[in-house]
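J.: Pasting target.cif here (mmCIF, C-alpha atoms):
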data_final
#
loop_
_atom_site.label_atom_id
_atom_site.label_comp_id
_atom_site.auth_asym_id
_atom_site.auth_seq_id
_atom_site.Cartn_x
_atom_site.Cartn_y
_atom_site.Cartn_z
CA ILE A 1 49.93 64.80 46.27
CA LEU A 2 49.16 66.49 42.95
CA THR A 3 51.71 67.77 40.41
CA GLY A 4 51.03 70.61 38.00
CA ALA A 5 48.58 72.21 40.40
CA SER A 6 48.96 75.82 39.26
CA GLN A 7 46.62 75.98 36.26
CA GLY A 8 44.38 74.13 33.83
CA ILE A 9 43.66 70.49 34.57
CA GLY A 10 45.70 70.64 37.79
CA VAL A 11 43.55 73.38 39.30
CA ALA A 12 40.36 71.53 38.35
CA ILE A 13 41.65 68.32 39.94
CA ALA A 14 42.74 70.18 43.08
CA LEU A 15 39.32 71.79 43.47
CA LYS A 16 37.57 68.46 42.91
CA LEU A 17 39.75 66.74 45.53
CA LEU A 18 39.07 69.55 47.99
CA GLU A 19 35.36 69.16 47.29
CA LEU A 20 35.80 65.47 48.16
CA GLU A 21 37.41 66.58 51.47
CA TYR A 22 40.98 65.60 50.67
CA HIS A 23 43.92 67.62 51.95
CA VAL A 24 45.90 68.46 48.80
CA TRP A 25 49.62 69.10 48.52
CA GLY A 26 49.98 70.77 45.12
CA ILE A 27 53.42 70.69 43.47
CA SER A 28 54.29 73.27 40.81
CA ARG A 29 56.70 76.11 40.10
CA HIS A 30 54.06 78.77 40.73
CA ALA A 31 51.20 78.88 43.22
CA PRO A 32 47.65 78.69 41.84
CA SER A 33 45.38 81.71 42.06
CA PHE A 34 42.94 80.08 44.51
CA THR A 35 43.40 79.48 48.23
CA HIS A 36 41.83 76.90 50.50
CA PRO A 37 42.61 75.88 54.08
CA HIS A 38 43.20 72.29 52.96
CA PHE A 39 45.38 73.17 49.95
CA HIS A 40 49.12 73.34 50.56
CA PHE A 41 51.37 74.73 47.84
CA VAL A 42 54.75 73.04 47.36
CA SER A 43 57.20 74.92 45.14
CA CYS A 44 59.24 72.61 42.90
CA ASP A 45 60.70 72.74 39.39
CA LEU A 46 59.83 69.33 37.98
CA SER A 47 62.34 69.78 35.16
CA GLN A 48 65.14 69.50 37.76
CA PRO A 49 65.47 65.91 39.06
CA SER A 50 67.40 67.02 42.16
CA HIS A 51 64.52 69.36 43.10
CA VAL A 52 62.03 66.54 42.63
CA ILE A 53 63.98 64.17 44.86
CA GLN A 54 64.38 66.80 47.59
CA THR A 55 60.66 67.59 47.47
CA CYS A 56 59.77 63.90 47.70
CA HIS A 57 61.98 63.44 50.75
CA HIS A 58 60.38 66.46 52.41
CA LEU A 59 56.82 65.29 51.75
CA THR A 60 57.29 61.66 52.75
CA GLN A 61 59.04 62.69 55.98
CA THR A 62 56.42 65.36 56.79
CA LEU A 63 53.04 63.92 55.83
CA PRO A 64 51.42 61.43 58.21
CA SER A 65 50.08 59.45 55.24
CA VAL A 66 49.68 59.57 51.47
CA ASP A 67 46.39 58.32 50.05
CA VAL A 68 46.54 59.52 46.45
CA LEU A 69 49.33 60.52 44.06
CA ILE A 70 48.31 62.25 40.85
CA ASN A 71 51.03 62.81 38.27
CA ASN A 72 49.39 65.58 36.25
CA ALA A 73 52.15 68.01 35.26
CA GLY A 74 53.09 68.04 31.59
CA VAL A 75 54.66 70.17 28.89
CA GLY A 76 54.52 69.87 25.11
CA TYR A 77 56.43 71.32 22.15
CA PHE A 78 55.27 70.61 18.62
CA ALA A 79 57.36 71.01 15.46
CA PRO A 80 59.44 68.84 13.13
CA HIS A 81 61.70 66.88 15.45
CA GLU A 82 64.91 68.46 14.15
CA GLU A 83 63.53 71.94 14.95
CA ILE A 84 62.75 71.30 18.60
CA SER A 85 65.55 72.54 20.83
CA ASP A 86 67.65 70.19 22.94
CA GLN A 87 66.39 71.89 26.12
CA GLN A 88 62.76 71.41 25.08
CA LEU A 89 63.38 67.70 24.53
CA ILE A 90 65.06 67.45 27.94
CA ASP A 91 62.20 69.32 29.63
CA MET A 92 59.56 67.04 28.09
CA ALA A 93 61.48 63.93 29.12
CA HIS A 94 62.01 65.22 32.66
CA ILE A 95 58.56 66.70 33.36
CA ASN A 96 56.37 64.21 31.49
CA PHE A 97 58.20 61.00 32.38
CA LEU A 98 61.19 61.23 34.74
CA ALA A 99 59.41 63.31 37.39
CA PRO A 100 56.50 60.81 37.66
CA LEU A 101 59.01 57.95 37.92
CA LEU A 102 60.84 59.64 40.78
CA ILE A 103 57.76 60.85 42.67
CA THR A 104 56.11 57.44 42.35
CA LYS A 105 59.25 55.67 43.59
CA HIS A 106 59.39 57.81 46.72
CA THR A 107 55.68 57.53 47.57
CA ILE A 108 55.11 53.81 46.97
CA ARG A 109 55.85 52.82 50.59
CA PRO A 110 53.35 55.24 52.17
CA LEU A 111 50.82 54.35 49.47
CA LYS A 112 51.20 50.67 50.35
CA LYS A 113 50.34 51.53 53.95
CA SER A 114 47.21 53.41 52.90
CA GLN A 115 46.39 51.07 50.00
CA GLY A 116 46.02 54.22 47.97
CA TRP A 117 45.87 55.36 44.37
CA ILE A 118 48.46 56.36 41.77
CA ILE A 119 46.79 58.19 38.88
CA SER A 120 48.76 59.65 35.98
CA ILE A 121 47.36 62.01 33.37
CA SER A 122 48.62 60.86 29.99
CA SER A 123 47.43 62.02 26.55
CA HIS A 124 45.56 60.56 23.61
CA SER A 125 48.73 61.36 21.65
CA SER A 126 50.24 58.35 23.41
CA LYS A 127 47.95 56.04 21.47
CA VAL A 128 48.52 57.23 17.90
CA PRO A 129 51.46 58.30 15.71
CA SER A 130 51.89 62.03 16.34
CA ARG A 131 53.38 63.92 13.42
CA LEU A 132 55.13 67.10 14.66
CA GLY A 133 54.76 65.83 18.21
CA CYS A 134 56.66 62.55 18.21
CA ALA A 135 58.76 63.35 21.29
CA TYR A 136 55.78 64.58 23.33
CA ALA A 137 53.69 61.57 22.33
CA SER A 138 56.55 59.22 23.18
CA THR A 139 56.95 60.62 26.71
CA LYS A 140 53.22 60.16 27.29
CA ALA A 141 53.29 56.64 25.81
CA ALA A 142 56.17 55.79 28.14
CA LEU A 143 54.15 57.13 31.09
CA SER A 144 51.13 55.02 30.13
CA HIS A 145 53.26 51.88 29.77
CA PHE A 146 54.93 52.57 33.11
CA GLN A 147 51.52 52.79 34.76
CA ASP A 148 50.37 49.49 33.23
CA SER A 149 53.57 47.74 34.32
CA LEU A 150 53.49 49.28 37.78
CA PHE A 151 49.97 48.02 38.44
CA GLU A 152 51.11 44.46 37.78
CA GLU A 153 54.00 45.00 40.18
CA VAL A 154 52.14 46.56 43.12
CA ARG A 155 48.54 45.36 42.84
CA LYS A 156 48.98 42.65 45.51
CA SER A 157 50.02 45.36 47.97
CA GLY A 158 46.64 47.07 47.65
CA ILE A 159 47.82 50.04 45.59
CA LYS A 160 45.49 50.99 42.75
CA VAL A 161 47.08 52.35 39.55
CA GLY A 162 45.14 54.11 36.81
CA THR A 163 45.91 56.19 33.75
CA LEU A 164 43.55 58.91 32.60
CA ILE A 165 43.98 59.69 28.90
CA PRO A 166 42.34 62.94 27.75
CA ASP A 167 42.32 64.18 24.18
CA ILE A 168 42.17 67.90 23.33
CA THR A 169 41.40 69.83 26.51
CA ASN A 170 40.80 73.57 26.58
CA THR A 171 43.61 74.77 28.87
CA PRO A 172 46.60 77.17 28.80
CA PHE A 173 48.61 74.23 27.38
CA PHE A 174 47.87 75.68 23.94
CA ASP A 175 48.85 79.27 24.71
CA THR A 176 52.31 78.97 23.11
CA LEU A 177 51.41 76.42 20.42
CA SER A 178 50.51 76.98 16.77
CA PHE A 179 47.10 75.30 17.16
CA ALA A 180 44.27 75.28 19.67
CA PRO A 181 40.76 73.88 20.11
CA SER A 182 38.14 75.65 18.05
CA GLU A 183 35.45 77.73 19.72
CA ASN A 184 32.96 74.90 19.19
CA PRO A 185 32.37 73.45 22.69
CA LEU A 186 31.93 69.98 21.15
CA SER A 187 35.56 70.08 19.95
CA TYR A 188 37.28 69.99 23.33
CA LEU A 189 37.14 68.66 26.86
CA THR A 190 37.19 71.01 29.83
CA PRO A 191 39.55 70.64 32.81
CA GLU A 192 36.49 69.77 34.87
CA CYS A 193 35.81 66.79 32.55
CA VAL A 194 39.22 65.39 33.45
CA ALA A 195 38.78 66.17 37.15
CA ASN A 196 35.45 64.33 37.12
CA GLY A 197 37.24 61.36 35.56
CA VAL A 198 39.70 61.36 38.45
CA ALA A 199 36.84 61.49 40.94
CA PHE A 200 35.11 58.58 39.18
CA MET A 201 38.29 56.49 39.42
CA LEU A 202 38.57 57.24 43.14
CA SER A 203 34.90 56.38 43.74
CA GLN A 204 35.20 52.71 42.81
CA ARG A 205 34.53 50.08 45.44
CA GLN A 206 37.52 48.45 47.13
CA GLY A 207 38.70 45.70 44.80
CA SER A 208 37.58 47.40 41.57
CA VAL A 209 40.25 49.35 39.67
CA ILE A 210 39.83 51.44 36.54
CA THR A 211 43.31 51.02 35.08
CA GLU A 212 42.68 53.20 32.02
CA MET A 213 40.12 55.84 31.11
CA VAL A 214 40.06 57.59 27.73
CA LEU A 215 38.20 60.90 27.37
CA ARG A 216 37.66 62.43 23.93
CA PRO A 217 35.62 65.37 22.62
CA GLU A 218 32.67 64.59 20.40
CA ILE A 219 34.25 66.11 17.27
CA LEU A 220 37.78 66.94 16.09
CA GLN A 221 38.15 70.59 15.14
CA LEU A 222 41.36 72.60 15.66
CA ASP A 223 42.24 76.18 14.79
CA LYS A 224 45.71 77.07 13.49
CA LYS A 225 47.29 80.17 15.03
CA GLY A 226 50.44 80.53 12.90
CA LYS A 227 53.90 79.05 13.16
CA LYS A 228 55.20 78.59 16.69
CA LYS A 229 58.65 79.96 17.50
CA ASN A 230 60.85 77.59 19.49
CA SER A 231 62.69 79.09 22.44
#
Produce structure tokens that represent the structure in this file.
T.:
Amino acid sequence: ILTGASQGIGVAIALKLLELEYHVWGISRHAPSFTHPHFHFVSCDLSQPSHVIQTCHHLTQTLPSVDVLINNAGVGYFAPHEEISDQQLIDMAHINFLAPLLITKHTIRPLKKSQGWIISISSHSSKVPSRLGCAYASTKAALSHFQDSLFEEVRKSGIKVGTLIPDITNTPFFDTLSFAPSENPLSYLTPECVANGVAFMLSQRQGSVITEMVLRPEILQLDKKGKKKNS
């Protein structure tokens, strides 16, 4: 089960999992542009907790097993905190943190049976003070802490829990923001870099768990695009 499967990092992870011969159930509002016989699109608005719970019930009652859960979906708004709209704050809290909590809760039992993996995609913003992005960074920090705590809770059951923490990644995430990675390829990760990190986590021998992986570009270089308008 993979959230945020419609673009960017989610598409790269989906394609990597398909390459590794997984059957992928991709959760997002919109279907991705690719098709594959082992990819199954699941429409769900992760900003709506009731939709998330209904989707979880459907998947856990339908799928014969769950081997991997990847909480990838995320949204970010960046501005002085008082300028970010109430709805944007709610969306970040719901999509970045509440949705992973709910989906994880409803898949823990089947994951115990398969002794599977829970991988969440956090952000390097979770590790440092984030001026103009304090709410976004806080939701990602909460997600990272949840993952660390969850591993201590479920590790005896055989579930593996890992957090992948990418820094600036060249994806549509930046399309509506006032900044973006520069054109220098050393200044950003690619979605495939993150997908390869997921594959590396999954490739570990039974009994060895990578609980945290940080990926960062070689240099820091951002381009400003002008002031972002909040919706």
J.: Run the PyMOL selection byres ((chain A and resi 119-122) around 10) against the file shown and list the residues it catches, as a ChimeraX atom specification.
T.: /A:2-3,9-10,68-74,96-97,100,104,116-118,123-127,137,139-144,146-147,160-167,194,198,201-202,210-214
J.: Write the residues of the selection above to a file with C-alpha atoms, as a PDB file, in the frame of the given file.
T.:
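Contents of part_23.pdb, freshly written:
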ATOM      1  CA  LEU A   2      49.160  66.490  42.950  1.00  0.00           C
ATOM      2  CA  THR A   3      51.710  67.770  40.410  1.00  0.00           C
ATOM      3  CA  ILE A   9      43.660  70.490  34.570  1.00  0.00           C
ATOM      4  CA  GLY A  10      45.700  70.640  37.790  1.00  0.00           C
ATOM      5  CA  VAL A  68      46.540  59.520  46.450  1.00  0.00           C
ATOM      6  CA  LEU A  69      49.330  60.520  44.060  1.00  0.00           C
ATOM      7  CA  ILE A  70      48.310  62.250  40.850  1.00  0.00           C
ATOM      8  CA  ASN A  71      51.030  62.810  38.270  1.00  0.00           C
ATOM      9  CA  ASN A  72      49.390  65.580  36.250  1.00  0.00           C
ATOM     10  CA  ALA A  73      52.150  68.010  35.260  1.00  0.00           C
ATOM     11  CA  GLY A  74      53.090  68.040  31.590  1.00  0.00           C
ATOM     12  CA  ASN A  96      56.370  64.210  31.490  1.00  0.00           C
ATOM     13  CA  PHE A  97      58.200  61.000  32.380  1.00  0.00           C
ATOM     14  CA  PRO A 100      56.500  60.810  37.660  1.00  0.00           C
ATOM     15  CA  THR A 104      56.110  57.440  42.350  1.00  0.00           C
ATOM     16  CA  GLY A 116      46.020  54.220  47.970  1.00  0.00           C
ATOM     17  CA  TRP A 117      45.870  55.360  44.370  1.00  0.00           C
ATOM     18  CA  ILE A 118      48.460  56.360  41.770  1.00  0.00           C
ATOM     19  CA  SER A 123      47.430  62.020  26.550  1.00  0.00           C
ATOM     20  CA  HIS A 124      45.560  60.560  23.610  1.00  0.00           C
ATOM     21  CA  SER A 125      48.730  61.360  21.650  1.00  0.00           C
ATOM     22  CA  SER A 126      50.240  58.350  23.410  1.00  0.00           C
ATOM     23  CA  LYS A 127      47.950  56.040  21.470  1.00  0.00           C
ATOM     24  CA  ALA A 137      53.690  61.570  22.330  1.00  0.00           C
ATOM     25  CA  THR A 139      56.950  60.620  26.710  1.00  0.00           C
ATOM     26  CA  LYS A 140      53.220  60.160  27.290  1.00  0.00           C
ATOM     27  CA  ALA A 141      53.290  56.640  25.810  1.00  0.00           C
ATOM     28  CA  ALA A 142      56.170  55.790  28.140  1.00  0.00           C
ATOM     29  CA  LEU A 143      54.150  57.130  31.090  1.00  0.00           C
ATOM     30  CA  SER A 144      51.130  55.020  30.130  1.00  0.00           C
ATOM     31  CA  PHE A 146      54.930  52.570  33.110  1.00  0.00           C
ATOM     32  CA  GLN A 147      51.520  52.790  34.760  1.00  0.00           C
ATOM     33  CA  LYS A 160      45.490  50.990  42.750  1.00  0.00           C
ATOM     34  CA  VAL A 161      47.080  52.350  39.550  1.00  0.00           C
ATOM     35  CA  GLY A 162      45.140  54.110  36.810  1.00  0.00           C
ATOM     36  CA  THR A 163      45.910  56.190  33.750  1.00  0.00           C
ATOM     37  CA  LEU A 164      43.550  58.910  32.600  1.00  0.00           C
ATOM     38  CA  ILE A 165      43.980  59.690  28.900  1.00  0.00           C
ATOM     39  CA  PRO A 166      42.340  62.940  27.750  1.00  0.00           C
ATOM     40  CA  ASP A 167      42.320  64.180  24.180  1.00  0.00           C
ATOM     41  CA  VAL A 194      39.220  65.390  33.450  1.00  0.00           C
ATOM     42  CA  VAL A 198      39.700  61.360  38.450  1.00  0.00           C
ATOM     43  CA  MET A 201      38.290  56.490  39.420  1.00  0.00           C
ATOM     44  CA  LEU A 202      38.570  57.240  43.140  1.00  0.00           C
ATOM     45  CA  ILE A 210      39.830  51.440  36.540  1.00  0.00           C
ATOM     46  CA  THR A 211      43.310  51.020  35.080  1.00  0.00           C
ATOM     47  CA  GLU A 212      42.680  53.200  32.020  1.00  0.00           C
ATOM     48  CA  MET A 213      40.120  55.840  31.110  1.00  0.00           C
ATOM     49  CA  VAL A 214      40.060  57.590  27.730  1.00  0.00           C
TER      50      VAL A 214
END
J.: Rank nothing, just name the residue among A:Val42, A:Lys225, A:Ser208, A:Glu192 nearest to Ile13 (chain A), using only C-alpha atoms.
T.: A:Glu192
J.: Go ahead and compute the interatomic distance for CA of Ser130 (chain A) and CA of Asp223 (chain A), in Å to one decimal.
T.: 17.2 Å
J.: Wanna dump the region 78-139 of chain A-region 44-66 of chain A contacts at 12 Å for me, each residue with its shortest atom pair and the distance in Å to one decimal, counting all atoms listed in the file, ordered by chain and number, as a tab-separated table?
T.:
residue	atom	partner	partner_atom	distance
A:Gln87	CA	A:Ser47	CA	10.1
A:Gln88	CA	A:Ser47	CA	10.2
A:Leu89	CA	A:Ser47	CA	10.9
A:Ile90	CA	A:Ser47	CA	8.1
A:Asp91	CA	A:Ser47	CA	5.6
A:Met92	CA	A:Ser47	CA	8.1
A:Ala93	CA	A:Ser47	CA	8.5
A:His94	CA	A:Ser47	CA	5.2
A:Ile95	CA	A:Ser47	CA	5.2
A:Asn96	CA	A:Ser47	CA	9.0
A:Phe97	CA	A:Ser47	CA	10.1
A:Leu98	CA	A:Pro49	CA	7.7
A:Ala99	CA	A:Leu46	CA	6.1
A:Pro100	CA	A:Leu46	CA	9.2
A:Leu101	CA	A:Val52	CA	10.3
A:Leu102	CA	A:Ile53	CA	6.9
A:Ile103	CA	A:Cys56	CA	6.2
A:Thr104	CA	A:Cys56	CA	9.2
A:Lys105	CA	A:Cys56	CA	9.2
A:His106	CA	A:Cys56	CA	6.2
A:Thr107	CA	A:Thr60	CA	6.8
A:Ile108	CA	A:Val66	CA	9.1
A:Arg109	CA	A:Val66	CA	9.2
A:Pro110	CA	A:Val66	CA	5.7
A:Leu111	CA	A:Val66	CA	5.7
A:Lys112	CA	A:Val66	CA	9.1
A:Lys113	CA	A:Ser65	CA	8.0
A:Ser114	CA	A:Val66	CA	6.8
A:Gln115	CA	A:Val66	CA	9.2
A:Gly116	CA	A:Val66	CA	7.4
A:Trp117	CA	A:Val66	CA	9.1
A:Ile118	CA	A:Val66	CA	10.3
J.: Kindly give the distance, in Å, that separates CA of Tyr22 (chain A) and CA of Asn196 (chain A), rounded to a single decimal.
T.: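 Here the two named atoms are 14.7 Å from each other.
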J.: Take the point (49.0, 76.9, 41.5) as written in the file and pick out every residue within 6 Å of it, counting all atoms listed in the file; give the list as a short mmCIF file (atom, residue, chain, number, x, y, z; two decimals) with C-alpha atoms, in the frame of the given file.
T.:
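Output file out.cif follows:
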data_model
loop_
_atom_site.label_atom_id
_atom_site.label_comp_id
_atom_site.auth_asym_id
_atom_site.auth_seq_id
_atom_site.Cartn_x
_atom_site.Cartn_y
_atom_site.Cartn_z
CA ALA A 5 48.58 72.21 40.40
CA SER A 6 48.96 75.82 39.26
CA GLN A 7 46.62 75.98 36.26
CA HIS A 30 54.06 78.77 40.73
CA ALA A 31 51.20 78.88 43.22
CA PRO A 32 47.65 78.69 41.84
#
J.: Using only C-alpha atoms, pick whichever of A:Pro37, A:Gly26, A:Thr176, A:Lys16 has the shortest atom-to-atom distance to Tyr77 (chain A).
T.: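 Going through A:Pro37, A:Gly26, A:Thr176, A:Lys16 one by one, the smallest distance to Tyr77 (chain A) is for A:Thr176.
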J.: Suppose you want the space between CA of Ala12 (chain A) and CA of Asn184 (chain A); what is it in Å?
T.: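 CA of Ala12 (chain A) sits 20.8 Å away from CA of Asn184 (chain A).
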J.: Counting only C-alpha atoms, which residue out of A:Asp67, A:Phe173, A:Arg131, A:Leu222 sits closest to Gly4 (chain A)?
T.: A:Phe173
J.: Just checking: using only C-alpha atoms, which residue out of A:Leu215, A:Val209, A:Asp175, A:Phe200 ends up closest to Leu17 (chain A)?
T.: A:Phe200
J.: List every protein, DNA or RNA residue that has an atom no more than 10 Å from (39.2, 74.4, 18.2) in the file's coordinate frame, counting all atoms listed in the file, and report them as a PyMOL selection string.
T.: chain A and resi 168-170+179-188+219-224
J.: List the residues matched by the PyMOL selection byres ((chain A and resi 39) around 9) in the displayed structure as a list in words, ordered by chain and then by residue number.
T.: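 When the PyMOL selection byres ((chain A and resi 39) around 9) is applied to the shown file, the picked residues are Ala14, Leu15, Leu18, Tyr22, His23, Val24, Trp25, Gly26, Thr35, His36, Pro37, His38, His40 and Phe41 of chain A.
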J.: Around all the atoms of region 88-95 of chain A listed in the file, with 3 Å of room on each side, what axis-aligned box do you get, giving centre and edge lengths in Å to one decimal, as lines of an AutoDock Vina configuration file?
T.:
center_x = 61.8
center_y = 67.7
center_z = 28.9
size_x = 12.5
size_y = 13.5
size_z = 14.8
J.: With all atoms listed in the file as the atoms that count, which of A:Ile27, A:Gly76, A:Gln204, A:Phe34 lies nearest to Ser138 (chain A)?
T.: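 Checking each of A:Ile27, A:Gly76, A:Gln204, A:Phe34 against Ser138 (chain A), counting all atoms listed in the file, the winner is A:Gly76.
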J.: Kindly complete region 143-172 of chain A to N, CA and C atoms; the output should be written as a PDB file, keeping the file's coordinate frame.
T.:
ATOM      1  N   LEU A 143      54.865  56.992  29.814  1.00  0.00           N
ATOM      2  CA  LEU A 143      54.150  57.130  31.090  1.00  0.00           C
ATOM      3  C   LEU A 143      53.014  56.122  31.183  1.00  0.00           C
ATOM      4  N   SER A 144      52.246  55.979  30.121  1.00  0.00           N
ATOM      5  CA  SER A 144      51.130  55.020  30.130  1.00  0.00           C
ATOM      6  C   SER A 144      51.639  53.593  30.325  1.00  0.00           C
ATOM      7  N   HIS A 145      52.724  53.239  29.637  1.00  0.00           N
ATOM      8  CA  HIS A 145      53.260  51.880  29.770  1.00  0.00           C
ATOM      9  C   HIS A 145      53.810  51.651  31.179  1.00  0.00           C
ATOM     10  N   PHE A 146      54.452  52.675  31.737  1.00  0.00           N
ATOM     11  CA  PHE A 146      54.930  52.570  33.110  1.00  0.00           C
ATOM     12  C   PHE A 146      53.775  52.286  34.063  1.00  0.00           C
ATOM     13  N   GLN A 147      52.679  52.988  33.887  1.00  0.00           N
ATOM     14  CA  GLN A 147      51.520  52.790  34.760  1.00  0.00           C
ATOM     15  C   GLN A 147      50.988  51.361  34.654  1.00  0.00           C
ATOM     16  N   ASP A 148      50.861  50.852  33.422  1.00  0.00           N
ATOM     17  CA  ASP A 148      50.370  49.490  33.230  1.00  0.00           C
ATOM     18  C   ASP A 148      51.291  48.478  33.916  1.00  0.00           C
ATOM     19  N   SER A 149      52.601  48.666  33.734  1.00  0.00           N
ATOM     20  CA  SER A 149      53.570  47.740  34.320  1.00  0.00           C
ATOM     21  C   SER A 149      53.575  47.844  35.842  1.00  0.00           C
ATOM     22  N   LEU A 150      53.464  49.072  36.344  1.00  0.00           N
ATOM     23  CA  LEU A 150      53.490  49.280  37.780  1.00  0.00           C
ATOM     24  C   LEU A 150      52.306  48.604  38.464  1.00  0.00           C
ATOM     25  N   PHE A 151      51.137  48.663  37.832  1.00  0.00           N
ATOM     26  CA  PHE A 151      49.970  48.020  38.440  1.00  0.00           C
ATOM     27  C   PHE A 151      50.215  46.533  38.637  1.00  0.00           C
ATOM     28  N   GLU A 152      50.816  45.882  37.635  1.00  0.00           N
ATOM     29  CA  GLU A 152      51.110  44.460  37.780  1.00  0.00           C
ATOM     30  C   GLU A 152      52.097  44.205  38.908  1.00  0.00           C
ATOM     31  N   GLU A 153      52.982  45.155  39.143  1.00  0.00           N
ATOM     32  CA  GLU A 153      54.000  45.000  40.180  1.00  0.00           C
ATOM     33  C   GLU A 153      53.450  45.207  41.585  1.00  0.00           C
ATOM     34  N   VAL A 154      52.540  46.168  41.756  1.00  0.00           N
ATOM     35  CA  VAL A 154      52.140  46.560  43.120  1.00  0.00           C
ATOM     36  C   VAL A 154      50.708  46.179  43.474  1.00  0.00           C
ATOM     37  N   ARG A 155      49.959  45.577  42.583  1.00  0.00           N
ATOM     38  CA  ARG A 155      48.540  45.360  42.840  1.00  0.00           C
ATOM     39  C   ARG A 155      48.291  44.489  44.074  1.00  0.00           C
ATOM     40  N   LYS A 156      49.174  43.514  44.341  1.00  0.00           N
ATOM     41  CA  LYS A 156      48.980  42.650  45.510  1.00  0.00           C
ATOM     42  C   LYS A 156      49.151  43.407  46.818  1.00  0.00           C
ATOM     43  N   SER A 157      49.810  44.573  46.754  1.00  0.00           N
ATOM     44  CA  SER A 157      50.020  45.360  47.970  1.00  0.00           C
ATOM     45  C   SER A 157      48.796  46.200  48.322  1.00  0.00           C
ATOM     46  N   GLY A 158      47.834  46.257  47.413  1.00  0.00           N
ATOM     47  CA  GLY A 158      46.640  47.070  47.650  1.00  0.00           C
ATOM     48  C   GLY A 158      46.655  48.417  46.968  1.00  0.00           C
ATOM     49  N   ILE A 159      47.771  48.775  46.325  1.00  0.00           N
ATOM     50  CA  ILE A 159      47.820  50.040  45.590  1.00  0.00           C
ATOM     51  C   ILE A 159      47.030  49.900  44.294  1.00  0.00           C
ATOM     52  N   LYS A 160      46.223  50.920  44.013  1.00  0.00           N
ATOM     53  CA  LYS A 160      45.490  50.990  42.750  1.00  0.00           C
ATOM     54  C   LYS A 160      46.228  51.931  41.800  1.00  0.00           C
ATOM     55  N   VAL A 161      46.348  51.549  40.539  1.00  0.00           N
ATOM     56  CA  VAL A 161      47.080  52.350  39.550  1.00  0.00           C
ATOM     57  C   VAL A 161      46.191  52.552  38.337  1.00  0.00           C
ATOM     58  N   GLY A 162      45.976  53.806  37.964  1.00  0.00           N
ATOM     59  CA  GLY A 162      45.140  54.110  36.810  1.00  0.00           C
ATOM     60  C   GLY A 162      45.722  55.231  35.972  1.00  0.00           C
ATOM     61  N   THR A 163      45.454  55.161  34.679  1.00  0.00           N
ATOM     62  CA  THR A 163      45.910  56.190  33.750  1.00  0.00           C
ATOM     63  C   THR A 163      44.697  56.852  33.123  1.00  0.00           C
ATOM     64  N   LEU A 164      44.633  58.160  33.220  1.00  0.00           N
ATOM     65  CA  LEU A 164      43.550  58.910  32.600  1.00  0.00           C
ATOM     66  C   LEU A 164      44.108  59.557  31.331  1.00  0.00           C
ATOM     67  N   ILE A 165      43.445  59.314  30.204  1.00  0.00           N
ATOM     68  CA  ILE A 165      43.980  59.690  28.900  1.00  0.00           C
ATOM     69  C   ILE A 165      43.023  60.664  28.215  1.00  0.00           C
ATOM     70  N   PRO A 166      43.208  61.962  28.430  1.00  0.00           N
ATOM     71  CA  PRO A 166      42.340  62.940  27.750  1.00  0.00           C
ATOM     72  C   PRO A 166      42.883  63.299  26.375  1.00  0.00           C
ATOM     73  N   ASP A 167      41.965  63.615  25.486  1.00  0.00           N
ATOM     74  CA  ASP A 167      42.320  64.180  24.180  1.00  0.00           C
ATOM     75  C   ASP A 167      42.332  65.714  24.356  1.00  0.00           C
ATOM     76  N   ILE A 168      42.090  66.442  23.314  1.00  0.00           N
ATOM     77  CA  ILE A 168      42.170  67.900  23.330  1.00  0.00           C
ATOM     78  C   ILE A 168      41.349  68.484  24.483  1.00  0.00           C
ATOM     79  N   THR A 169      42.043  69.203  25.349  1.00  0.00           N
ATOM     80  CA  THR A 169      41.400  69.830  26.510  1.00  0.00           C
ATOM     81  C   THR A 169      41.685  71.319  26.482  1.00  0.00           C
ATOM     82  N   ASN A 170      40.681  72.116  26.697  1.00  0.00           N
ATOM     83  CA  ASN A 170      40.800  73.570  26.580  1.00  0.00           C
ATOM     84  C   ASN A 170      41.485  74.156  27.816  1.00  0.00           C
ATOM     85  N   THR A 171      42.811  74.288  27.746  1.00  0.00           N
ATOM     86  CA  THR A 171      43.610  74.770  28.870  1.00  0.00           C
ATOM     87  C   THR A 171      44.710  75.701  28.340  1.00  0.00           C
ATOM     88  N   PRO A 172      45.469  76.350  29.233  1.00  0.00           N
ATOM     89  CA  PRO A 172      46.600  77.170  28.800  1.00  0.00           C
ATOM     90  C   PRO A 172      47.721  76.387  28.127  1.00  0.00           C
TER      91      PRO A 172
END
